[in-house]
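Undergrad: The structure file entry_19.txt (compact mmCIF, C-alpha atoms and all ligand atoms) is provided below.
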```
# COMPACT_ATOMS: atom_id res chain seq x y z
CA MET A 258 21.30 -0.90 -5.18
CA SER A 259 18.98 0.31 -7.93
CA GLN A 260 17.43 3.76 -7.75
CA ALA A 261 13.99 2.25 -7.34
CA SER A 262 14.97 0.35 -4.21
CA GLN A 263 16.44 3.50 -2.65
CA ARG A 264 13.19 5.39 -2.90
CA LEU A 265 11.13 5.73 0.27
CA THR A 266 7.82 3.86 0.26
CA ILE A 267 4.38 5.46 0.46
CA PHE A 268 1.11 3.59 1.01
CA SER A 269 -2.35 5.11 0.66
CA GLY A 270 -5.85 3.99 -0.26
CA ILE A 271 -9.45 4.95 -0.86
CA GLN A 272 -12.56 2.88 -0.09
CA PRO A 273 -14.67 1.97 -3.13
CA SER A 274 -17.83 2.83 -1.21
CA GLY A 275 -19.17 5.12 -3.94
CA MET A 276 -18.14 7.23 -6.91
CA LEU A 277 -15.13 9.33 -5.90
CA THR A 278 -15.65 13.01 -5.23
CA LEU A 279 -13.93 16.33 -5.69
CA GLY A 280 -12.78 15.88 -2.08
CA HIS A 281 -10.73 12.86 -3.15
CA ILE A 282 -8.88 14.95 -5.72
CA ALA A 283 -8.34 17.74 -3.19
CA GLY A 284 -7.19 15.56 -0.31
CA ALA A 285 -5.68 12.49 -1.94
CA LEU A 286 -5.32 12.04 -5.71
CA ARG A 287 -3.50 15.25 -6.64
CA ASN A 288 -0.97 14.57 -3.88
CA TRP A 289 -0.51 11.00 -5.07
CA VAL A 290 0.14 12.19 -8.61
CA ALA A 291 2.82 14.57 -7.35
CA LEU A 292 4.45 11.92 -5.15
CA GLN A 293 4.55 9.01 -7.59
CA TYR A 294 7.78 10.07 -9.32
CA ASP A 295 9.84 10.46 -6.14
CA TYR A 296 8.55 7.62 -3.99
CA ARG A 297 7.81 3.91 -4.34
CA CYS A 298 4.02 4.20 -4.17
CA PHE A 299 1.36 1.59 -3.39
CA PHE A 300 -2.11 2.99 -4.11
CA CYS A 301 -4.72 0.57 -2.89
CA ILE A 302 -8.47 0.27 -3.41
CA VAL A 303 -9.39 -0.72 0.12
CA ASP A 304 -12.47 -2.84 -0.50
CA LEU A 305 -12.19 -4.81 2.75
CA HIS A 306 -12.49 -1.55 4.68
CA ALA A 307 -15.62 -0.71 2.68
CA LEU A 308 -17.30 -3.85 4.10
CA THR A 309 -17.51 -2.22 7.53
CA VAL A 310 -20.62 -0.51 6.17
CA ARG A 311 -23.23 -2.78 4.53
CA GLN A 312 -22.76 -2.55 0.75
CA VAL A 313 -24.95 -3.60 -2.17
CA PRO A 314 -22.67 -6.29 -3.72
CA ALA A 315 -23.16 -5.20 -7.35
CA ASN A 316 -22.40 -1.58 -6.42
CA LEU A 317 -19.24 -2.50 -4.54
CA ARG A 318 -17.96 -4.44 -7.56
CA ARG A 319 -18.79 -1.57 -9.91
CA TRP A 320 -17.24 1.08 -7.66
CA THR A 321 -14.05 -0.97 -7.35
CA LEU A 322 -13.46 -0.67 -11.11
CA ASP A 323 -14.65 2.96 -11.06
CA CYS A 324 -12.08 3.67 -8.40
CA ALA A 325 -9.24 2.08 -10.41
CA ALA A 326 -10.29 4.01 -13.53
CA MET A 327 -10.44 7.25 -11.55
CA TYR A 328 -6.93 6.74 -10.14
CA LEU A 329 -5.69 6.59 -13.74
CA ALA A 330 -7.92 9.43 -14.97
CA ALA A 331 -6.58 11.63 -12.18
CA GLY A 332 -3.03 11.01 -13.38
CA ILE A 333 -1.64 8.00 -11.51
CA ASP A 334 0.78 6.25 -13.85
CA PRO A 335 0.82 2.45 -13.40
CA ALA A 336 4.41 2.43 -14.67
CA GLN A 337 5.34 4.50 -11.60
CA ALA A 338 2.97 3.29 -8.90
CA THR A 339 1.39 -0.02 -7.98
CA ILE A 340 -2.42 0.10 -8.14
CA PHE A 341 -4.24 -2.86 -6.61
CA VAL A 342 -7.32 -4.10 -4.77
CA GLN A 343 -6.83 -4.90 -1.09
CA SER A 344 -8.82 -8.16 -1.12
CA HIS A 345 -6.60 -9.49 -3.95
CA VAL A 346 -3.66 -9.60 -1.53
CA PRO A 347 -4.79 -11.89 1.31
CA ALA A 348 -1.77 -10.86 3.41
CA HIS A 349 -3.73 -7.74 4.48
CA ALA A 350 -6.39 -9.72 6.33
CA GLU A 351 -3.82 -12.23 7.60
CA LEU A 352 -1.51 -9.63 9.13
CA ALA A 353 -4.50 -7.78 10.57
CA TRP A 354 -5.37 -10.93 12.52
CA VAL A 355 -1.89 -11.21 14.01
CA LEU A 356 -1.81 -7.49 14.83
CA SER A 357 -5.20 -7.74 16.52
CA THR A 358 -3.60 -10.05 19.06
CA PHE A 359 -1.15 -7.23 19.88
CA THR A 360 -3.85 -4.56 20.25
CA GLY A 361 -5.37 -3.80 23.62
CA PHE A 362 -9.15 -3.66 23.73
CA GLY A 363 -8.88 -0.35 25.60
CA GLU A 364 -6.56 1.23 23.07
CA ALA A 365 -8.83 0.24 20.17
CA SER A 366 -11.81 1.64 22.10
CA ARG A 367 -10.15 5.05 22.26
CA MET A 368 -10.22 5.56 18.48
CA THR A 369 -12.42 8.59 17.91
CA GLN A 370 -13.38 7.58 14.38
CA PHE A 371 -14.95 4.39 15.74
CA LYS A 372 -17.04 6.46 18.12
CA GLU A 373 -18.15 8.78 15.30
CA LYS A 374 -18.83 6.00 12.80
CA SER A 375 -20.77 3.94 15.32
CA GLU A 376 -23.06 6.91 15.90
CA GLN A 377 -23.41 7.38 12.13
CA HIS A 378 -24.17 3.68 11.57
CA ALA A 379 -25.96 2.97 14.85
CA HIS A 380 -27.96 0.13 13.24
CA ASN A 381 -24.77 -1.76 12.30
CA VAL A 382 -21.98 -1.27 14.83
CA ASN A 383 -19.97 -4.34 13.82
CA VAL A 384 -16.64 -5.70 15.08
CA GLY A 385 -15.11 -4.84 11.69
CA LEU A 386 -15.80 -1.17 12.32
CA PHE A 387 -14.03 -1.54 15.66
CA ALA A 388 -11.07 -3.40 14.11
CA TYR A 389 -10.77 -1.03 11.13
CA PRO A 390 -7.59 0.71 12.42
CA ILE A 391 -5.89 -2.69 12.87
CA LEU A 392 -6.53 -3.57 9.22
CA MET A 393 -5.22 -0.14 8.31
CA ALA A 394 -2.07 -0.84 10.33
CA ALA A 395 -1.62 -4.09 8.40
CA ASP A 396 -2.08 -2.25 5.08
CA ILE A 397 0.71 0.12 5.96
CA LEU A 398 3.16 -2.23 7.69
CA LEU A 399 3.09 -4.95 5.01
CA TYR A 400 4.89 -2.65 2.58
CA GLN A 401 7.58 -1.44 5.03
CA THR A 402 6.04 1.96 4.44
CA ASN A 403 8.11 5.00 5.38
CA LEU A 404 5.49 7.68 4.81
CA VAL A 405 1.71 7.76 4.96
CA PRO A 406 -0.12 10.80 3.61
CA VAL A 407 -2.75 11.41 6.27
CA GLY A 408 -5.41 13.96 6.93
CA GLU A 409 -6.27 15.12 10.45
CA ASP A 410 -8.94 12.39 10.79
CA GLN A 411 -6.43 9.55 10.26
CA LYS A 412 -3.63 10.76 12.55
CA GLN A 413 -4.81 8.72 15.51
CA HIS A 414 -4.90 5.54 13.39
CA LEU A 415 -1.35 6.14 12.21
CA GLU A 416 -0.25 6.59 15.82
CA LEU A 417 -1.77 3.17 16.62
CA THR A 418 0.06 1.70 13.60
CA ARG A 419 3.36 3.07 14.92
CA ASP A 420 2.65 1.70 18.42
CA LEU A 421 1.84 -1.75 17.04
CA ALA A 422 4.97 -1.80 14.88
CA GLN A 423 7.16 -0.78 17.81
CA ARG A 424 5.50 -3.29 20.12
CA PHE A 425 6.07 -6.12 17.66
CA ASN A 426 9.66 -5.09 16.91
CA ASN A 427 10.42 -4.92 20.64
CA ALA A 428 8.80 -8.28 21.34
CA TYR A 429 10.82 -10.08 18.61
CA SER A 430 13.36 -8.21 16.50
CA PRO A 431 13.14 -5.40 13.95
CA THR A 432 10.44 -6.51 11.51
CA PHE A 433 8.45 -3.44 10.55
CA THR A 434 9.56 -0.03 9.37
CA ILE A 435 8.01 2.59 11.65
CA PRO A 436 5.91 4.79 9.36
CA GLU A 437 5.87 8.57 9.65
CA PRO A 438 2.95 10.83 8.76
CA TYR A 439 3.47 12.72 5.54
CA ILE A 440 1.88 16.14 5.57
CA PRO A 441 0.78 16.54 1.98
CA LYS A 442 1.58 19.58 -0.12
CA TYR A 443 -2.12 20.13 -0.75
CA GLY A 444 -4.12 19.90 2.47
CA ALA A 445 -7.54 21.11 1.45
CA ARG A 446 -10.51 19.47 3.11
CA LEU A 447 -13.55 20.11 0.97
CA MET A 448 -16.82 20.48 2.77
CA SER A 449 -20.38 19.45 1.95
CA LEU A 450 -22.13 21.92 -0.36
CA GLN A 451 -25.28 21.57 1.71
CA ASP A 452 -23.76 21.65 5.20
CA PRO A 453 -20.33 23.27 5.02
CA ARG A 454 -19.45 22.21 8.58
CA LYS A 455 -19.42 18.57 7.41
CA LYS A 456 -16.85 16.92 5.11
CA MET A 457 -17.83 16.36 1.47
CA SER A 458 -18.50 12.62 1.38
CA LYS A 459 -19.22 10.06 -1.34
CA SER A 460 -21.90 8.34 0.74
CA ASP A 461 -23.80 11.50 1.69
CA PRO A 462 -27.46 10.62 1.00
CA ASN A 463 -28.05 14.19 -0.25
CA HIS A 464 -26.44 14.13 -3.71
CA ASN A 465 -26.54 17.93 -3.93
CA ALA A 466 -23.95 18.02 -1.15
CA THR A 467 -21.24 16.32 -3.18
CA ILE A 468 -19.50 16.89 -6.52
CA PHE A 469 -18.95 13.38 -7.88
CA LEU A 470 -16.12 13.07 -10.38
CA ALA A 471 -18.46 11.58 -12.99
CA ASP A 472 -21.06 14.39 -12.65
CA ASP A 473 -21.88 16.02 -15.98
CA ASN A 474 -21.47 19.75 -16.54
CA ASP A 475 -25.13 20.52 -15.81
CA ALA A 476 -25.02 18.68 -12.50
CA ILE A 477 -21.82 20.49 -11.52
CA ARG A 478 -23.34 23.90 -12.31
CA ARG A 479 -26.59 23.07 -10.51
CA LYS A 480 -24.85 21.86 -7.36
CA ILE A 481 -22.59 24.92 -7.17
CA GLN A 482 -25.54 27.27 -7.72
CA ARG A 483 -27.48 25.57 -4.93
CA ALA A 484 -24.53 25.48 -2.52
CA VAL A 485 -25.41 26.75 0.93
CA THR A 486 -23.57 29.98 1.75
CA ASP A 487 -24.52 32.54 4.39
CA SER A 488 -26.20 35.90 4.68
CA GLY A 489 -22.98 37.89 4.12
CA THR A 490 -22.50 40.01 1.04
CA THR A 491 -18.73 39.88 0.44
CA ILE A 492 -16.48 37.12 -0.85
CA GLU A 493 -14.14 36.46 2.08
CA TYR A 494 -12.01 33.50 3.10
CA ASP A 495 -12.84 32.71 6.72
CA PRO A 496 -13.46 28.95 7.14
CA ASP A 497 -14.49 29.26 10.81
CA ASN A 498 -17.09 31.96 10.42
CA ARG A 499 -17.97 31.82 6.70
CA PRO A 500 -17.55 28.08 5.92
CA GLY A 501 -19.86 27.98 2.87
CA ILE A 502 -18.27 30.78 0.87
CA SER A 503 -14.76 29.71 2.01
CA ASN A 504 -15.44 26.21 0.67
CA LEU A 505 -16.40 27.68 -2.71
CA ILE A 506 -13.18 29.72 -2.69
CA GLU A 507 -11.25 26.48 -1.98
CA ILE A 508 -13.01 24.83 -4.92
CA TYR A 509 -12.16 27.74 -7.22
CA HIS A 510 -8.55 27.56 -6.01
CA LEU A 511 -8.42 23.79 -6.67
CA ALA A 512 -9.85 24.21 -10.17
CA THR A 513 -7.67 27.13 -11.29
CA GLY A 514 -4.55 27.01 -9.10
CA ASP A 515 -4.99 30.75 -8.40
CA PRO A 516 -3.86 31.74 -4.91
CA ILE A 517 -6.68 32.23 -2.38
CA GLU A 518 -5.67 35.86 -1.73
CA GLN A 519 -5.83 36.64 -5.44
CA ILE A 520 -9.29 35.08 -5.77
CA VAL A 521 -10.60 37.04 -2.80
CA GLU A 522 -9.06 40.26 -4.12
CA HIS A 523 -10.62 39.73 -7.52
CA TYR A 524 -14.15 38.78 -6.37
CA ARG A 525 -14.40 40.61 -3.03
CA THR A 526 -17.33 42.81 -4.08
CA ALA A 527 -18.93 40.42 -6.57
CA SER A 528 -22.39 39.06 -5.80
CA TYR A 529 -22.70 35.45 -4.61
CA ALA A 530 -24.46 34.62 -7.89
CA THR A 531 -21.56 36.01 -9.96
CA PHE A 532 -18.97 34.21 -7.87
CA LYS A 533 -20.88 30.92 -7.96
CA ALA A 534 -21.10 31.18 -11.77
CA ALA A 535 -17.32 31.72 -11.91
CA VAL A 536 -16.72 28.72 -9.60
CA ALA A 537 -19.00 26.56 -11.75
CA ASP A 538 -17.19 27.60 -14.98
CA ALA A 539 -13.79 26.91 -13.46
CA LEU A 540 -14.86 23.55 -12.08
CA VAL A 541 -16.47 22.42 -15.32
CA ALA A 542 -13.24 23.25 -17.20
CA TYR A 543 -11.16 21.43 -14.58
CA LEU A 544 -13.26 18.26 -14.34
CA GLU A 545 -14.27 17.76 -17.96
CA PRO A 546 -10.94 16.24 -19.08
CA VAL A 547 -10.78 14.02 -15.98
CA ARG A 548 -14.30 12.75 -16.65
CA THR A 549 -13.60 12.13 -20.35
CA ARG A 550 -10.49 10.11 -19.49
CA PHE A 551 -12.42 8.28 -16.79
CA PHE A 552 -15.14 7.09 -19.17
CA GLN A 553 -12.59 6.03 -21.81
CA ILE A 554 -10.64 3.96 -19.28
CA ARG A 555 -13.74 2.62 -17.52
CA ASP A 556 -15.09 1.29 -20.82
CA ASP A 557 -12.19 -1.14 -21.15
CA GLU A 558 -12.78 -3.62 -18.34
CA ALA A 559 -10.28 -6.12 -19.76
CA PHE A 560 -7.56 -3.47 -19.51
CA LEU A 561 -8.56 -2.65 -15.92
CA ALA A 562 -8.67 -6.31 -14.94
CA ASP A 563 -5.19 -6.83 -16.35
CA LEU A 564 -3.89 -3.74 -14.55
CA LEU A 565 -5.31 -4.91 -11.22
CA VAL A 566 -4.05 -8.48 -11.61
CA ARG A 567 -0.54 -7.17 -12.30
CA GLY A 568 -0.83 -4.68 -9.43
CA ALA A 569 -1.87 -7.40 -6.98
CA ARG A 570 1.04 -9.57 -8.10
CA GLU A 571 3.54 -6.76 -7.49
CA ALA A 572 1.99 -5.87 -4.14
CA ALA A 573 1.81 -9.50 -2.97
CA GLN A 574 5.52 -10.01 -3.59
CA VAL A 575 6.35 -7.32 -1.05
CA ALA A 576 3.48 -8.07 1.34
CA ASN A 577 4.11 -11.81 1.52
CA ARG A 578 7.74 -11.29 2.42
CA THR A 579 6.69 -9.25 5.46
CA LEU A 580 3.91 -11.67 6.39
CA GLN A 581 6.25 -14.69 6.23
CA LYS A 582 8.67 -12.93 8.60
CA VAL A 583 5.85 -12.20 11.00
CA TYR A 584 4.54 -15.78 10.91
CA ARG A 585 8.03 -17.15 11.55
CA LYS A 586 8.67 -14.77 14.43
CA VAL A 587 5.42 -15.50 16.25
CA GLY A 588 6.05 -19.23 15.89
CA LEU A 589 3.63 -20.43 13.23
CA TRP A 590 5.06 -23.67 11.84
CA SER A 591 5.70 -23.97 8.11
CA PRO A 592 6.89 -26.97 6.05
CA LYS A 593 10.13 -25.04 5.46
CA ASP A 594 10.93 -25.21 9.22
N1 LIG B 601 -13.96 15.98 1.44
C1 LIG B 601 -12.68 15.64 1.40
N2 LIG B 601 -11.70 16.60 1.42
C2 LIG B 601 -10.40 16.24 1.39
N3 LIG B 601 -9.96 14.97 1.35
C3 LIG B 601 -10.89 13.99 1.33
N4 LIG B 601 -10.77 12.64 1.30
C4 LIG B 601 -12.01 12.10 1.28
N5 LIG B 601 -12.96 13.08 1.32
C5 LIG B 601 -12.29 14.27 1.35
C6 LIG B 601 -9.50 11.92 1.29
O1 LIG B 601 -9.67 10.68 0.61
C7 LIG B 601 -8.97 9.64 1.29
C8 LIG B 601 -9.85 8.53 1.86
O2 LIG B 601 -11.04 8.45 1.24
P1 LIG B 601 -12.07 7.28 1.61
O3 LIG B 601 -13.15 7.38 0.59
O4 LIG B 601 -11.38 6.00 1.77
O5 LIG B 601 -12.60 7.63 3.05
P2 LIG B 601 -13.41 8.82 3.59
O6 LIG B 601 -12.45 9.89 4.01
O7 LIG B 601 -14.33 8.27 4.63
O8 LIG B 601 -14.23 9.39 2.33
P3 LIG B 601 -15.79 9.53 2.17
O9 LIG B 601 -16.07 10.09 0.82
O10 LIG B 601 -16.35 10.29 3.35
O11 LIG B 601 -16.24 8.04 2.18
P4 LIG B 601 -17.50 7.40 2.89
O12 LIG B 601 -18.65 8.29 2.50
O13 LIG B 601 -17.59 6.03 2.30
O14 LIG B 601 -17.21 7.39 4.37
C9 LIG B 601 -8.24 10.28 2.43
O15 LIG B 601 -6.94 10.62 2.00
C10 LIG B 601 -9.09 11.51 2.70
O16 LIG B 601 -8.36 12.52 3.36
```
What does the file become when written as structure tokens?
TA:
Amino acid sequence: MSQASQRLTIFSGIQPSGMLTLGHIAGALRNWVALQYDYRCFFCIVDLHALTVRQVPANLRRWTLDCAAMYLAAGIDPAQATIFVQSHVPAHAELAWVLSTFTGFGEASRMTQFKEKSEQHAHNVNVGLFAYPILMAADILLYQTNLVPVGEDQKQHLELTRDLAQRFNNAYSPTFTIPEPYIPKYGARLMSLQDPRKKMSKSDPNHNATIFLADDNDAIRRKIQRAVTDSGTTIEYDPDNRPGISNLIEIYHLATGDPIEQIVEHYRTASYATFKAAVADALVAYLEPVRTRFFQIRDDEAFLADLLVRGAREAAQVANRTLQKVYRKVGLWSPKD
């Protein structure tokens, strides 16, 4: 067996529903970069998931290429990991259909993210939003994934994925690897700069709330300066009671790698204005090279197209093998029968 085939498999993805944010580096991309050398990684641009919210078609197309370019700019190496677009591998939607016939209506109804998202998008509570975790299960199971890096908000969906895999394996014979959650090395959850009790989000209508990875230096400085803090006077790390200033400390930590305790020690008595200026400087220095690489890569659409075509081909080889097994087991006739 080659070394590559002995490596455990990881699957993860991001929706191209906007320009990626500093939150995506904190919670996803920097972990992916660290994992790509030790695991067989599939990093997907999950465009079908993005359709659960109504998208402007031209934006969705643009953000799909932005997303691919940002994966590379952040340090994903296509020689190590497979980068591809979900809709280019039809097996995702096909397996999701089969898995939906194994999912109880009640169990899908219990997904808390559906409840939250349907409140957020009350004008468009579509069946796709409801079935989202089933498509996510298909994403994961197609690649015989061993480990899925998940944040707190996705744990329930991974549990459903495991239940569906076990249910299918018990009904037929072992077909799917049962995936385990992978608790990433870096777990930071960056919060909105305007409402630090909410997650920093790419689709937040208030652009001052989010550091987008393509923001220029002036925008970064302005957003940090305007970040909502509190009426305290000291720089302390206390996410429950001082979420605004704690979020800025997290951002400084992300940008410099300095330990939180050291940052707090150094700036404890500094004014908020001084600390914000230091955070802005650190962030500008951290993001500038990422942004420069991003624009260089993004400019070459032929290169990106080629990368994504090759990625989809690699992914489909693995995914189709799993899908064919599933089709055979459930009894779908094929000319090879
Ligand atoms: N603020 C964040 N802090 C830490 N991690 C984050 N991630 C996203 N935002 C933060 C991580 O990125 C991956 C999934 O991203 P996604 O864009 O597919 O979904 P999302 O979490 O719904 O991100 P957004 O920006 O909030 O998207 P919209 O606005 O479209 O709903 C996950 O690994 C997540 O932890």
Undergrad: Between A:Asp475, A:Glu376, A:Asp396, A:Asp452, which has the minimum distance to Pro347 (chain A) (counting all atoms listed in the file)?
TA: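 Distance minimum relative to Pro347 (chain A) lands on A:Asp396.
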Undergrad: With a distance cut-off of 10 Å and all atoms listed in the file, select the neighbouring residues of Leu544 (chain A), excluding the residue or stretch itself and same-chain residues fewer than 5 positions from it, and output the selection as a list of chain:residue names.
TA: A:Leu279, A:Ala331, A:Phe469, A:Leu470, A:Ala471, A:Asp472, A:Asp473, A:Asn474, A:Ile477, A:Ala512, A:Ala539, A:Thr549
Undergrad: Step by step, measure atom-to-atom distances between ligand LIG 601 (chain B) and each residue using all atoms listed in the file, keep those at most 6 Å, then write them as a list of chain:residue names.
TA: A:Ile271, A:Gln272, A:Ser274, A:Gly280, A:His281, A:Ala283, A:Gly284, A:Ala285, A:Gly408, A:Ala445, A:Arg446, A:Leu447, A:Met448, A:Lys456, A:Met457, A:Ser458, A:Lys459, A:Ser460
Undergrad: Nearest to Phe341 (chain A): which of A:Ser269, A:Ala534, A:Lys593, A:Gln423 is it, counting only C-alpha atoms?
TA: A:Ser269
Undergrad: Got a sec: who's within 6 Å of region 411-422 of chain A, counting only C-alpha atoms, leaving out chain neighbours fewer than 2 positions off, as a ChimeraX atom specification?
TA: /A:390,394,407-409,424-425,433,435
Undergrad: With C-alpha atoms retained, export the selected residues as a PDB file, in the frame of the given file.
TA:
```
ATOM      1  CA  PRO A 390      -7.590   0.710  12.420  1.00  0.00           C
ATOM      2  CA  ALA A 394      -2.070  -0.840  10.330  1.00  0.00           C
ATOM      3  CA  VAL A 407      -2.750  11.410   6.270  1.00  0.00           C
ATOM      4  CA  GLY A 408      -5.410  13.960   6.930  1.00  0.00           C
ATOM      5  CA  GLU A 409      -6.270  15.120  10.450  1.00  0.00           C
ATOM      6  CA  ARG A 424       5.500  -3.290  20.120  1.00  0.00           C
ATOM      7  CA  PHE A 425       6.070  -6.120  17.660  1.00  0.00           C
ATOM      8  CA  PHE A 433       8.450  -3.440  10.550  1.00  0.00           C
ATOM      9  CA  ILE A 435       8.010   2.590  11.650  1.00  0.00           C
TER      10      ILE A 435
END
```
Undergrad: Please identify all polymer residues within 12 Å of Met276 (chain A), counting all atoms listed in the file, omitting same-chain residues fewer than 6 positions from it, and present them as a PyMOL selection string.
TA: chain A and resi 316-328+458-461+464+467-472+548+551
Undergrad: For CA of Ile520 (chain A) and CA of Tyr439 (chain A), quote the distance in Å rounded to one decimal.
TA: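 Interatomic distance, CA of Ile520 (chain A) to CA of Tyr439 (chain A): 28.1 Å.
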Undergrad: Find, counting only C-alpha atoms, the residue in A:Ala395, A:Ala569, A:Ala559, A:Leu329 that gets nearest to Glu351 (chain A).
TA: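 Checking each candidate against Glu351 (chain A), we get A:Ala395 as the closest.
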Undergrad: Considering only C-alpha atoms, state which residue in the set A:Lys374, A:Pro406, A:Ser488, A:Pro500 is at the smallest distance from Ser449 (chain A).
TA: A:Pro500
Undergrad: Kindly indicate which residue among A:Ala330, A:Ile391, A:Pro273, A:Ala353 lies nearest to Glu545 (chain A), using all atoms listed in the file for the distances.
TA: A:Ala330
Undergrad: Could you state the separation of CA of Thr278 (chain A) and CA of Tyr400 (chain A) in Å, given to one decimal place?
TA: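 Calculated distance between CA of Thr278 (chain A) and CA of Tyr400 (chain A) is 27.0 Å.
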Undergrad: For Phe532 (chain A), find every residue with an atom within 12 Å (counting all atoms listed in the file), except residues of its own chain fewer than 3 positions away, and show them as a VMD selection string.
TA: chain A and resid 481 to 482 484 486 490 to 493 502 to 503 505 to 506 508 to 509 520 to 521 523 to 529 535 to 539
Undergrad: For region 572-576 of chain A, please output as an MDAnalysis selection string all residues within 8 Å (counting all atoms listed in the file; exclusion window: fewer than 6 positions along the same chain).
TA: chainID A and resid 299 339 341 346 348:349 399:400
Undergrad: Please write the residues from the selection above to a file, keeping C-alpha atoms, as a PDB file, in the coordinates of the input.
TA:
```
ATOM      1  CA  PHE A 299       1.360   1.590  -3.390  1.00  0.00           C
ATOM      2  CA  THR A 339       1.390  -0.020  -7.980  1.00  0.00           C
ATOM      3  CA  PHE A 341      -4.240  -2.860  -6.610  1.00  0.00           C
ATOM      4  CA  VAL A 346      -3.660  -9.600  -1.530  1.00  0.00           C
ATOM      5  CA  ALA A 348      -1.770 -10.860   3.410  1.00  0.00           C
ATOM      6  CA  HIS A 349      -3.730  -7.740   4.480  1.00  0.00           C
ATOM      7  CA  LEU A 399       3.090  -4.950   5.010  1.00  0.00           C
ATOM      8  CA  TYR A 400       4.890  -2.650   2.580  1.00  0.00           C
TER       9      TYR A 400
END
```
Undergrad: I need the residue nearest Leu277 (chain A) from this list: A:Ile302, A:Leu540, A:Ala315, A:Ile333. Use all atoms listed in the file for the distance.
TA: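 Smallest separation from Leu277 (chain A) among the options: A:Ile302.
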Undergrad: For the atom pair CA of Ala476 (chain A) and CA of Glu507 (chain A), what is the interatomic distance in Å to one decimal place?
TA: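 CA of Glu507 (chain A) lies at a distance of 19.0 Å from CA of Ala476 (chain A).
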Undergrad: Could region 441-452 of chain A be completed with N, CA and C atoms and returned as an mmCIF file, in the coordinates of the input?
TA:
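Output below, filename rebuild32.cif:
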```
data_model
loop_
_atom_site.group_PDB
_atom_site.id
_atom_site.type_symbol
_atom_site.label_atom_id
_atom_site.label_comp_id
_atom_site.auth_asym_id
_atom_site.auth_seq_id
_atom_site.Cartn_x
_atom_site.Cartn_y
_atom_site.Cartn_z
ATOM 1 N N PRO A 441 0.791 16.303 3.422
ATOM 2 C CA PRO A 441 0.780 16.540 1.980
ATOM 3 C C PRO A 441 0.913 18.013 1.628
ATOM 4 N N LYS A 442 1.406 18.218 0.409
ATOM 5 C CA LYS A 442 1.580 19.580 -0.120
ATOM 6 C C LYS A 442 0.224 20.291 -0.178
ATOM 7 N N TYR A 443 -0.783 19.547 -0.631
ATOM 8 C CA TYR A 443 -2.120 20.130 -0.750
ATOM 9 C C TYR A 443 -2.984 19.562 0.372
ATOM 10 N N GLY A 444 -3.424 20.433 1.296
ATOM 11 C CA GLY A 444 -4.120 19.900 2.470
ATOM 12 C C GLY A 444 -5.603 20.177 2.497
ATOM 13 N N ALA A 445 -6.157 20.658 1.402
ATOM 14 C CA ALA A 445 -7.540 21.110 1.450
ATOM 15 C C ALA A 445 -8.518 20.017 1.857
ATOM 16 N N ARG A 446 -9.429 20.384 2.728
ATOM 17 C CA ARG A 446 -10.510 19.470 3.110
ATOM 18 C C ARG A 446 -11.780 20.095 2.591
ATOM 19 N N LEU A 447 -12.337 19.509 1.547
ATOM 20 C CA LEU A 447 -13.550 20.110 0.970
ATOM 21 C C LEU A 447 -14.756 19.726 1.804
ATOM 22 N N MET A 448 -15.667 20.673 1.920
ATOM 23 C CA MET A 448 -16.820 20.480 2.770
ATOM 24 C C MET A 448 -18.078 20.256 1.935
ATOM 25 N N SER A 449 -19.090 19.685 2.599
ATOM 26 C CA SER A 449 -20.380 19.450 1.950
ATOM 27 C C SER A 449 -20.940 20.760 1.404
ATOM 28 N N LEU A 450 -21.538 20.696 0.224
ATOM 29 C CA LEU A 450 -22.130 21.920 -0.360
ATOM 30 C C LEU A 450 -23.443 22.265 0.328
ATOM 31 N N GLN A 451 -23.996 21.319 1.052
ATOM 32 C CA GLN A 451 -25.280 21.570 1.710
ATOM 33 C C GLN A 451 -25.130 21.843 3.206
ATOM 34 N N ASP A 452 -24.029 21.382 3.785
ATOM 35 C CA ASP A 452 -23.760 21.650 5.200
ATOM 36 C C ASP A 452 -22.249 21.815 5.349
#
```
